[in-house]
$ cat data11.txt   # compact mmCIF, N, CA and C atoms
# COMPACT_ATOMS: atom_id res chain seq x y z
N GLU A 1 -2.72 -52.70 19.08
CA GLU A 1 -2.10 -52.02 20.19
C GLU A 1 -0.57 -52.05 20.06
N GLU A 2 -0.05 -53.19 19.67
CA GLU A 2 1.41 -53.33 19.50
C GLU A 2 1.94 -52.28 18.53
N LEU A 3 1.27 -52.12 17.41
CA LEU A 3 1.69 -51.16 16.39
C LEU A 3 1.61 -49.73 16.91
N VAL A 4 0.48 -49.37 17.47
CA VAL A 4 0.25 -47.98 17.87
C VAL A 4 1.04 -47.58 19.10
N VAL A 5 1.01 -48.42 20.11
CA VAL A 5 1.59 -48.04 21.39
C VAL A 5 3.08 -48.37 21.49
N ARG A 6 3.50 -49.44 20.88
CA ARG A 6 4.88 -49.89 21.11
C ARG A 6 5.83 -49.69 19.92
N LEU A 7 5.34 -49.82 18.70
CA LEU A 7 6.25 -49.80 17.55
C LEU A 7 6.34 -48.44 16.85
N ALA A 8 5.27 -47.68 16.86
CA ALA A 8 5.28 -46.39 16.17
C ALA A 8 6.17 -45.40 16.91
N ARG A 9 6.85 -44.56 16.14
CA ARG A 9 7.72 -43.53 16.72
C ARG A 9 6.94 -42.23 16.87
N GLY A 10 7.46 -41.33 17.65
CA GLY A 10 6.78 -40.08 17.99
C GLY A 10 6.33 -39.24 16.82
N ASN A 11 7.13 -39.18 15.74
CA ASN A 11 6.77 -38.34 14.60
C ASN A 11 6.07 -39.10 13.48
N ASP A 12 5.75 -40.37 13.70
CA ASP A 12 4.90 -41.10 12.76
C ASP A 12 3.49 -40.53 12.88
N ILE A 13 2.70 -40.67 11.84
CA ILE A 13 1.33 -40.15 11.86
C ILE A 13 0.37 -41.28 12.22
N TRP A 14 -0.50 -41.02 13.18
CA TRP A 14 -1.52 -41.96 13.64
C TRP A 14 -2.86 -41.51 13.09
N MET A 15 -3.68 -42.45 12.61
CA MET A 15 -5.01 -42.14 12.08
C MET A 15 -6.06 -43.05 12.67
N HIS A 16 -7.28 -42.49 12.80
CA HIS A 16 -8.41 -43.26 13.31
C HIS A 16 -9.70 -42.53 12.92
N LEU A 17 -10.77 -43.30 12.70
CA LEU A 17 -12.06 -42.69 12.41
C LEU A 17 -12.55 -41.90 13.61
N LYS A 18 -13.05 -40.72 13.36
CA LYS A 18 -13.61 -39.91 14.43
C LYS A 18 -15.01 -40.44 14.74
N SER A 19 -15.28 -40.68 15.99
CA SER A 19 -16.61 -41.09 16.48
C SER A 19 -17.04 -42.49 16.06
N TYR A 20 -16.15 -43.33 15.60
CA TYR A 20 -16.46 -44.71 15.26
C TYR A 20 -15.39 -45.62 15.86
N PRO A 21 -15.79 -46.81 16.29
CA PRO A 21 -14.76 -47.78 16.66
C PRO A 21 -14.14 -48.34 15.38
N GLY A 22 -12.93 -48.81 15.46
CA GLY A 22 -12.36 -49.43 14.28
C GLY A 22 -10.86 -49.34 14.21
N ALA A 23 -10.39 -49.49 13.00
CA ALA A 23 -8.96 -49.61 12.73
C ALA A 23 -8.20 -48.31 12.99
N HIS A 24 -6.95 -48.48 13.33
CA HIS A 24 -5.99 -47.38 13.44
C HIS A 24 -4.97 -47.61 12.33
N ALA A 25 -4.30 -46.56 11.92
CA ALA A 25 -3.22 -46.70 10.94
C ALA A 25 -2.04 -45.85 11.40
N ILE A 26 -0.87 -46.30 11.01
CA ILE A 26 0.36 -45.55 11.26
C ILE A 26 1.04 -45.30 9.92
N ILE A 27 1.41 -44.06 9.67
CA ILE A 27 2.20 -43.71 8.50
C ILE A 27 3.61 -43.42 9.03
N GLN A 28 4.55 -44.27 8.65
CA GLN A 28 5.92 -44.06 9.12
C GLN A 28 6.51 -42.85 8.41
N MET A 29 7.07 -41.94 9.18
CA MET A 29 7.59 -40.70 8.64
C MET A 29 9.09 -40.57 8.89
N PRO A 30 9.86 -40.41 7.82
CA PRO A 30 11.29 -40.12 8.00
C PRO A 30 11.44 -38.77 8.70
N GLY A 31 12.48 -38.60 9.48
CA GLY A 31 12.70 -37.36 10.21
C GLY A 31 12.64 -36.13 9.32
N GLY A 32 11.91 -35.12 9.78
CA GLY A 32 11.83 -33.85 9.06
C GLY A 32 10.93 -33.86 7.83
N LYS A 33 10.25 -34.93 7.55
CA LYS A 33 9.38 -35.02 6.38
C LYS A 33 7.92 -34.91 6.80
N SER A 34 7.06 -34.57 5.84
CA SER A 34 5.63 -34.55 6.09
C SER A 34 4.92 -35.43 5.06
N ALA A 35 3.75 -35.90 5.40
CA ALA A 35 3.00 -36.79 4.52
C ALA A 35 2.27 -35.97 3.45
N SER A 36 2.25 -36.50 2.24
CA SER A 36 1.51 -35.84 1.17
C SER A 36 0.02 -36.07 1.37
N LEU A 37 -0.79 -35.26 0.72
CA LEU A 37 -2.24 -35.44 0.79
C LEU A 37 -2.63 -36.82 0.25
N GLU A 38 -1.97 -37.27 -0.80
CA GLU A 38 -2.27 -38.60 -1.36
C GLU A 38 -2.01 -39.71 -0.35
N THR A 39 -0.91 -39.60 0.38
CA THR A 39 -0.59 -40.59 1.41
C THR A 39 -1.64 -40.58 2.51
N LEU A 40 -2.05 -39.38 2.94
CA LEU A 40 -3.09 -39.27 3.97
C LEU A 40 -4.41 -39.86 3.48
N LEU A 41 -4.78 -39.59 2.23
CA LEU A 41 -6.02 -40.15 1.68
C LEU A 41 -5.95 -41.66 1.53
N ASP A 42 -4.78 -42.18 1.15
CA ASP A 42 -4.60 -43.63 1.07
C ASP A 42 -4.82 -44.27 2.44
N ALA A 43 -4.18 -43.73 3.46
CA ALA A 43 -4.31 -44.28 4.81
C ALA A 43 -5.75 -44.14 5.31
N ALA A 44 -6.39 -43.01 5.03
CA ALA A 44 -7.78 -42.81 5.43
C ALA A 44 -8.69 -43.84 4.76
N SER A 45 -8.42 -44.17 3.51
CA SER A 45 -9.21 -45.19 2.81
C SER A 45 -9.07 -46.55 3.48
N LEU A 46 -7.87 -46.90 3.88
CA LEU A 46 -7.66 -48.18 4.54
C LEU A 46 -8.30 -48.22 5.93
N VAL A 47 -8.18 -47.14 6.68
CA VAL A 47 -8.81 -47.07 8.00
C VAL A 47 -10.32 -47.24 7.87
N THR A 48 -10.91 -46.57 6.89
CA THR A 48 -12.35 -46.66 6.67
C THR A 48 -12.74 -48.07 6.26
N HIS A 49 -11.98 -48.66 5.36
CA HIS A 49 -12.28 -50.01 4.87
C HIS A 49 -12.25 -51.05 5.99
N TYR A 50 -11.29 -50.94 6.89
CA TYR A 50 -11.13 -51.93 7.96
C TYR A 50 -11.89 -51.56 9.24
N SER A 51 -12.81 -50.63 9.16
CA SER A 51 -13.62 -50.23 10.31
C SER A 51 -15.08 -50.58 10.08
N SER A 52 -15.90 -50.22 11.05
CA SER A 52 -17.31 -50.61 11.01
C SER A 52 -18.20 -49.56 10.35
N VAL A 53 -17.77 -49.04 9.21
CA VAL A 53 -18.51 -48.00 8.51
C VAL A 53 -19.09 -48.59 7.22
N GLN A 54 -20.34 -48.28 6.94
CA GLN A 54 -20.96 -48.76 5.72
C GLN A 54 -20.37 -48.04 4.51
N LYS A 55 -20.25 -48.77 3.41
CA LYS A 55 -19.72 -48.17 2.19
C LYS A 55 -20.57 -46.98 1.77
N GLY A 56 -19.92 -45.96 1.29
CA GLY A 56 -20.62 -44.76 0.83
C GLY A 56 -20.89 -43.74 1.92
N THR A 57 -20.56 -44.08 3.16
CA THR A 57 -20.79 -43.17 4.27
C THR A 57 -19.68 -42.12 4.30
N LYS A 58 -20.07 -40.87 4.45
CA LYS A 58 -19.10 -39.79 4.60
C LYS A 58 -18.54 -39.87 6.02
N VAL A 59 -17.24 -39.92 6.15
CA VAL A 59 -16.61 -40.08 7.47
C VAL A 59 -15.54 -39.03 7.70
N GLU A 60 -15.27 -38.80 8.98
CA GLU A 60 -14.17 -37.94 9.38
C GLU A 60 -13.07 -38.83 9.93
N VAL A 61 -11.86 -38.60 9.47
CA VAL A 61 -10.70 -39.37 9.92
C VAL A 61 -9.75 -38.40 10.60
N ASP A 62 -9.52 -38.62 11.89
CA ASP A 62 -8.59 -37.78 12.64
C ASP A 62 -7.18 -38.31 12.47
N TYR A 63 -6.21 -37.39 12.44
CA TYR A 63 -4.81 -37.79 12.43
C TYR A 63 -3.98 -36.80 13.22
N THR A 64 -2.91 -37.33 13.80
CA THR A 64 -1.98 -36.53 14.59
C THR A 64 -0.67 -37.29 14.67
N PHE A 65 0.34 -36.67 15.21
CA PHE A 65 1.59 -37.38 15.43
C PHE A 65 1.39 -38.41 16.54
N ARG A 66 2.06 -39.53 16.43
CA ARG A 66 1.95 -40.61 17.42
C ARG A 66 2.27 -40.11 18.82
N LYS A 67 3.18 -39.17 18.95
CA LYS A 67 3.54 -38.66 20.28
C LYS A 67 2.37 -37.97 20.98
N ASN A 68 1.32 -37.63 20.24
CA ASN A 68 0.15 -36.99 20.81
C ASN A 68 -0.97 -37.98 21.17
N VAL A 69 -0.68 -39.29 21.04
CA VAL A 69 -1.67 -40.34 21.31
C VAL A 69 -1.28 -41.05 22.60
N LYS A 70 -2.23 -41.15 23.52
CA LYS A 70 -1.98 -41.82 24.80
C LYS A 70 -3.02 -42.90 25.02
N ARG A 71 -2.57 -44.06 25.46
CA ARG A 71 -3.47 -45.17 25.78
C ARG A 71 -4.19 -44.85 27.08
N VAL A 72 -5.49 -45.15 27.12
CA VAL A 72 -6.30 -44.94 28.30
C VAL A 72 -6.52 -46.28 28.98
N PRO A 73 -6.12 -46.42 30.25
CA PRO A 73 -6.37 -47.69 30.95
C PRO A 73 -7.88 -47.94 31.07
N THR A 74 -8.32 -49.14 30.67
CA THR A 74 -9.75 -49.45 30.71
C THR A 74 -10.06 -50.64 31.60
N GLY A 75 -9.06 -51.38 31.99
CA GLY A 75 -9.31 -52.58 32.76
C GLY A 75 -9.66 -53.78 31.90
N ARG A 76 -9.85 -53.55 30.59
CA ARG A 76 -10.16 -54.66 29.69
C ARG A 76 -8.90 -55.43 29.37
N LYS A 77 -9.06 -56.73 29.18
CA LYS A 77 -7.91 -57.58 28.88
C LYS A 77 -7.85 -57.94 27.40
N GLY A 78 -8.83 -57.51 26.61
CA GLY A 78 -8.87 -57.87 25.19
C GLY A 78 -7.71 -57.28 24.43
N LYS A 79 -7.11 -58.06 23.55
CA LYS A 79 -5.97 -57.60 22.76
C LYS A 79 -6.42 -56.73 21.59
N ASP A 80 -7.65 -56.93 21.11
CA ASP A 80 -8.07 -56.23 19.90
C ASP A 80 -8.72 -54.87 20.16
N GLN A 81 -9.04 -54.56 21.41
CA GLN A 81 -9.70 -53.29 21.69
C GLN A 81 -8.98 -52.55 22.81
N PHE A 82 -8.75 -51.28 22.56
CA PHE A 82 -8.21 -50.43 23.60
C PHE A 82 -8.62 -49.00 23.26
N LEU A 83 -8.60 -48.15 24.24
CA LEU A 83 -9.01 -46.76 24.06
C LEU A 83 -7.78 -45.87 24.10
N VAL A 84 -7.85 -44.79 23.33
CA VAL A 84 -6.79 -43.79 23.34
C VAL A 84 -7.42 -42.42 23.44
N THR A 85 -6.62 -41.49 23.85
CA THR A 85 -6.98 -40.08 23.78
C THR A 85 -5.87 -39.40 22.98
N TYR A 86 -6.21 -38.33 22.30
CA TYR A 86 -5.19 -37.68 21.47
C TYR A 86 -5.45 -36.18 21.39
N THR A 87 -4.40 -35.46 21.06
CA THR A 87 -4.47 -34.00 20.98
C THR A 87 -3.82 -33.54 19.68
N GLN A 88 -3.97 -32.27 19.39
CA GLN A 88 -3.33 -31.63 18.24
C GLN A 88 -3.64 -32.34 16.93
N ASN A 89 -4.86 -32.81 16.80
CA ASN A 89 -5.24 -33.55 15.60
C ASN A 89 -5.79 -32.63 14.51
N LYS A 90 -5.77 -33.15 13.31
CA LYS A 90 -6.43 -32.56 12.15
C LYS A 90 -7.42 -33.60 11.67
N THR A 91 -8.38 -33.18 10.84
CA THR A 91 -9.42 -34.08 10.39
C THR A 91 -9.58 -34.02 8.87
N LEU A 92 -9.62 -35.21 8.25
CA LEU A 92 -9.95 -35.34 6.83
C LEU A 92 -11.40 -35.80 6.74
N VAL A 93 -12.17 -35.23 5.83
CA VAL A 93 -13.52 -35.70 5.57
C VAL A 93 -13.46 -36.42 4.24
N THR A 94 -13.93 -37.67 4.23
CA THR A 94 -13.79 -38.48 3.03
C THR A 94 -14.95 -39.45 2.87
N VAL A 95 -15.14 -39.92 1.67
CA VAL A 95 -16.07 -41.00 1.35
C VAL A 95 -15.23 -42.07 0.67
N ALA A 96 -15.56 -43.32 0.91
CA ALA A 96 -14.78 -44.42 0.32
C ALA A 96 -14.61 -44.22 -1.19
N ASP A 97 -13.39 -44.27 -1.62
CA ASP A 97 -13.04 -44.16 -3.04
C ASP A 97 -12.67 -45.56 -3.50
N GLU A 98 -13.57 -46.21 -4.22
CA GLU A 98 -13.36 -47.60 -4.61
C GLU A 98 -12.14 -47.78 -5.51
N THR A 99 -11.85 -46.82 -6.36
CA THR A 99 -10.67 -46.92 -7.22
C THR A 99 -9.39 -46.88 -6.39
N ARG A 100 -9.33 -45.96 -5.45
CA ARG A 100 -8.16 -45.85 -4.57
C ARG A 100 -8.02 -47.12 -3.73
N LEU A 101 -9.13 -47.57 -3.15
CA LEU A 101 -9.10 -48.75 -2.31
C LEU A 101 -8.67 -49.99 -3.09
N SER A 102 -9.18 -50.14 -4.28
CA SER A 102 -8.81 -51.28 -5.12
C SER A 102 -7.31 -51.28 -5.40
N ARG A 103 -6.77 -50.12 -5.72
CA ARG A 103 -5.32 -49.99 -5.98
C ARG A 103 -4.52 -50.36 -4.74
N LEU A 104 -4.96 -49.89 -3.58
CA LEU A 104 -4.24 -50.18 -2.34
C LEU A 104 -4.28 -51.65 -1.97
N LEU A 105 -5.45 -52.26 -2.12
CA LEU A 105 -5.59 -53.66 -1.74
C LEU A 105 -4.88 -54.59 -2.70
N LYS A 106 -4.69 -54.15 -3.93
CA LYS A 106 -3.93 -54.96 -4.91
C LYS A 106 -2.43 -54.73 -4.77
N GLY A 107 -2.04 -53.73 -3.99
CA GLY A 107 -0.62 -53.47 -3.78
C GLY A 107 0.07 -52.78 -4.93
N GLU A 108 -0.69 -52.05 -5.73
CA GLU A 108 -0.10 -51.37 -6.89
C GLU A 108 0.64 -50.13 -6.47
$ encode --input "data11.txt" --output "structure tokens"
Amino acid sequence: EELVVRLARGNDIWMHLKSYPGAHAIIQMPGGKSASLETLLDAASLVTHYSSVQKGTKVEVDYTFRKNVKRVPTGRKGKDQFLVTYTQNKTLVTVADETRLSRLLKGE
């Protein structure tokens, strides 16, 4: 929540699995720049890896600018779970790429 709601700037890109609970990601974007497809696929791989999706499952990953993401009050006090609503999103369809994920987790 701290990352998504408080630290990310309006033109950063926010990502989350469509129709699954799990991880969110933020891609920090310099002013006037756009993310490459490779950057989007890298972030989608990490979101999928850190979410509750079985390996090999085809998933949809929604992304939009952070300014289009709003926290929904739920009354829950848990720090690890919160709900958001978002608009103006695009969707990537992907399956876990073990080579890409291995590279990302090794920090190459």
$ atom_distance --input "data11.txt" --atom1 "atom N of Ala96 of chain A" --atom2 "atom CA of Ile13 of chain A"
20.4 Å
$ select_by_dssp --input "data11.txt" --residues "segment 4-100 of chain A" --states "strand (DSSP E or B)" --output "PyMOL selection string"
chain A and resi 13-17+24-27+58-65+69-72+83-86+90-95
$ select_by_dssp --input "data11.txt" --residues "segment 4-88 of chain A" --states "helix (DSSP H, G or I)" --output "list in words"
Val4, Val5, Arg6, Leu7, Leu37, Glu38, Thr39, Leu40, Leu41, Asp42, Ala43, Ala44, Ser45, Leu46, Val47, Thr48, His49, Arg66, Lys67 and Asn68 of chain A
$ residues_around --input "data11.txt" --residues "segment 57-65 of chain A" --least-positions-apart "4" --cutoff "9 Å" --atoms "only C-alpha atoms" --output "PyMOL selection string"
chain A and resi 9-19+40+44+47-48+53+69+86-96
$ write_last_selection --input "data11.txt" --atoms "N, CA and C atoms" --output "PDB file, keeping the file's coordinate frame"
ATOM      1  N   ARG A   9       6.850 -44.560  16.140  1.00  0.00           N
ATOM      2  CA  ARG A   9       7.720 -43.530  16.720  1.00  0.00           C
ATOM      3  C   ARG A   9       6.940 -42.230  16.870  1.00  0.00           C
ATOM      4  N   GLY A  10       7.460 -41.330  17.650  1.00  0.00           N
ATOM      5  CA  GLY A  10       6.780 -40.080  17.990  1.00  0.00           C
ATOM      6  C   GLY A  10       6.330 -39.240  16.820  1.00  0.00           C
ATOM      7  N   ASN A  11       7.130 -39.180  15.740  1.00  0.00           N
ATOM      8  CA  ASN A  11       6.770 -38.340  14.600  1.00  0.00           C
ATOM      9  C   ASN A  11       6.070 -39.100  13.480  1.00  0.00           C
ATOM     10  N   ASP A  12       5.750 -40.370  13.700  1.00  0.00           N
ATOM     11  CA  ASP A  12       4.900 -41.100  12.760  1.00  0.00           C
ATOM     12  C   ASP A  12       3.490 -40.530  12.880  1.00  0.00           C
ATOM     13  N   ILE A  13       2.700 -40.670  11.840  1.00  0.00           N
ATOM     14  CA  ILE A  13       1.330 -40.150  11.860  1.00  0.00           C
ATOM     15  C   ILE A  13       0.370 -41.280  12.220  1.00  0.00           C
ATOM     16  N   TRP A  14      -0.500 -41.020  13.180  1.00  0.00           N
ATOM     17  CA  TRP A  14      -1.520 -41.960  13.640  1.00  0.00           C
ATOM     18  C   TRP A  14      -2.860 -41.510  13.090  1.00  0.00           C
ATOM     19  N   MET A  15      -3.680 -42.450  12.610  1.00  0.00           N
ATOM     20  CA  MET A  15      -5.010 -42.140  12.080  1.00  0.00           C
ATOM     21  C   MET A  15      -6.060 -43.050  12.670  1.00  0.00           C
ATOM     22  N   HIS A  16      -7.280 -42.490  12.800  1.00  0.00           N
ATOM     23  CA  HIS A  16      -8.410 -43.260  13.310  1.00  0.00           C
ATOM     24  C   HIS A  16      -9.700 -42.530  12.920  1.00  0.00           C
ATOM     25  N   LEU A  17     -10.770 -43.300  12.700  1.00  0.00           N
ATOM     26  CA  LEU A  17     -12.060 -42.690  12.410  1.00  0.00           C
ATOM     27  C   LEU A  17     -12.550 -41.900  13.610  1.00  0.00           C
ATOM     28  N   LYS A  18     -13.050 -40.720  13.360  1.00  0.00           N
ATOM     29  CA  LYS A  18     -13.610 -39.910  14.430  1.00  0.00           C
ATOM     30  C   LYS A  18     -15.010 -40.440  14.740  1.00  0.00           C
ATOM     31  N   SER A  19     -15.280 -40.680  15.990  1.00  0.00           N
ATOM     32  CA  SER A  19     -16.610 -41.090  16.480  1.00  0.00           C
ATOM     33  C   SER A  19     -17.040 -42.490  16.060  1.00  0.00           C
ATOM     34  N   LEU A  40      -2.050 -39.380   2.940  1.00  0.00           N
ATOM     35  CA  LEU A  40      -3.090 -39.270   3.970  1.00  0.00           C
ATOM     36  C   LEU A  40      -4.410 -39.860   3.480  1.00  0.00           C
ATOM     37  N   ALA A  44      -6.390 -43.010   5.030  1.00  0.00           N
ATOM     38  CA  ALA A  44      -7.780 -42.810   5.430  1.00  0.00           C
ATOM     39  C   ALA A  44      -8.690 -43.840   4.760  1.00  0.00           C
ATOM     40  N   VAL A  47      -8.180 -47.140   6.680  1.00  0.00           N
ATOM     41  CA  VAL A  47      -8.810 -47.070   8.000  1.00  0.00           C
ATOM     42  C   VAL A  47     -10.320 -47.240   7.870  1.00  0.00           C
ATOM     43  N   THR A  48     -10.910 -46.570   6.890  1.00  0.00           N
ATOM     44  CA  THR A  48     -12.350 -46.660   6.670  1.00  0.00           C
ATOM     45  C   THR A  48     -12.740 -48.070   6.260  1.00  0.00           C
ATOM     46  N   VAL A  53     -17.770 -49.040   9.210  1.00  0.00           N
ATOM     47  CA  VAL A  53     -18.510 -48.000   8.510  1.00  0.00           C
ATOM     48  C   VAL A  53     -19.090 -48.590   7.220  1.00  0.00           C
ATOM     49  N   VAL A  69      -0.680 -39.290  21.040  1.00  0.00           N
ATOM     50  CA  VAL A  69      -1.670 -40.340  21.310  1.00  0.00           C
ATOM     51  C   VAL A  69      -1.280 -41.050  22.600  1.00  0.00           C
ATOM     52  N   TYR A  86      -6.210 -38.330  22.300  1.00  0.00           N
ATOM     53  CA  TYR A  86      -5.190 -37.680  21.470  1.00  0.00           C
ATOM     54  C   TYR A  86      -5.450 -36.180  21.390  1.00  0.00           C
ATOM     55  N   THR A  87      -4.400 -35.460  21.060  1.00  0.00           N
ATOM     56  CA  THR A  87      -4.470 -34.000  20.980  1.00  0.00           C
ATOM     57  C   THR A  87      -3.820 -33.540  19.680  1.00  0.00           C
ATOM     58  N   GLN A  88      -3.970 -32.270  19.390  1.00  0.00           N
ATOM     59  CA  GLN A  88      -3.330 -31.630  18.240  1.00  0.00           C
ATOM     60  C   GLN A  88      -3.640 -32.340  16.930  1.00  0.00           C
ATOM     61  N   ASN A  89      -4.860 -32.810  16.800  1.00  0.00           N
ATOM     62  CA  ASN A  89      -5.240 -33.550  15.600  1.00  0.00           C
ATOM     63  C   ASN A  89      -5.790 -32.630  14.510  1.00  0.00           C
ATOM     64  N   LYS A  90      -5.770 -33.150  13.310  1.00  0.00           N
ATOM     65  CA  LYS A  90      -6.430 -32.560  12.150  1.00  0.00           C
ATOM     66  C   LYS A  90      -7.420 -33.600  11.670  1.00  0.00           C
ATOM     67  N   THR A  91      -8.380 -33.180  10.840  1.00  0.00           N
ATOM     68  CA  THR A  91      -9.420 -34.080  10.390  1.00  0.00           C
ATOM     69  C   THR A  91      -9.580 -34.020   8.870  1.00  0.00           C
ATOM     70  N   LEU A  92      -9.620 -35.210   8.250  1.00  0.00           N
ATOM     71  CA  LEU A  92      -9.950 -35.340   6.830  1.00  0.00           C
ATOM     72  C   LEU A  92     -11.400 -35.800   6.740  1.00  0.00           C
ATOM     73  N   VAL A  93     -12.170 -35.230   5.830  1.00  0.00           N
ATOM     74  CA  VAL A  93     -13.520 -35.700   5.570  1.00  0.00           C
ATOM     75  C   VAL A  93     -13.460 -36.420   4.240  1.00  0.00           C
ATOM     76  N   THR A  94     -13.930 -37.670   4.230  1.00  0.00           N
ATOM     77  CA  THR A  94     -13.790 -38.480   3.030  1.00  0.00           C
ATOM     78  C   THR A  94     -14.950 -39.450   2.870  1.00  0.00           C
ATOM     79  N   VAL A  95     -15.140 -39.920   1.670  1.00  0.00           N
ATOM     80  CA  VAL A  95     -16.070 -41.000   1.350  1.00  0.00           C
ATOM     81  C   VAL A  95     -15.230 -42.070   0.670  1.00  0.00           C
ATOM     82  N   ALA A  96     -15.560 -43.320   0.910  1.00  0.00           N
ATOM     83  CA  ALA A  96     -14.780 -44.420   0.320  1.00  0.00           C
ATOM     84  C   ALA A  96     -14.610 -44.220  -1.190  1.00  0.00           C
TER      85      ALA A  96
END
$ residues_near_point --input "data11.txt" --point "(8.0, -44.7, 12.1)" --cutoff "12 Å" --atoms "only C-alpha atoms" --output "ChimeraX atom specification"
/A:3-14,25-33,65-67
$ atom_distance --input "data11.txt" --atom1 "atom N of Ser34 of chain A" --atom2 "atom N of Leu83 of chain A"
27.7 Å
$ closest_residue --input "data11.txt" --among "A:Leu46, A:Leu105, A:Val84, A:Val72" --to "His24 of chain A" --atoms "all atoms listed in the file"
A:Leu46
$ closest_residue --input "data11.txt" --among "A:Thr99, A:Ser52, A:Ser36, A:Ser45" --to "Gly22 of chain A" --atoms "only N, CA and C atoms"
A:Ser52
$ atom_distance --input "data11.txt" --atom1 "atom C of Ala23 of chain A" --atom2 "atom C of Asp42 of chain A"
11.8 Å
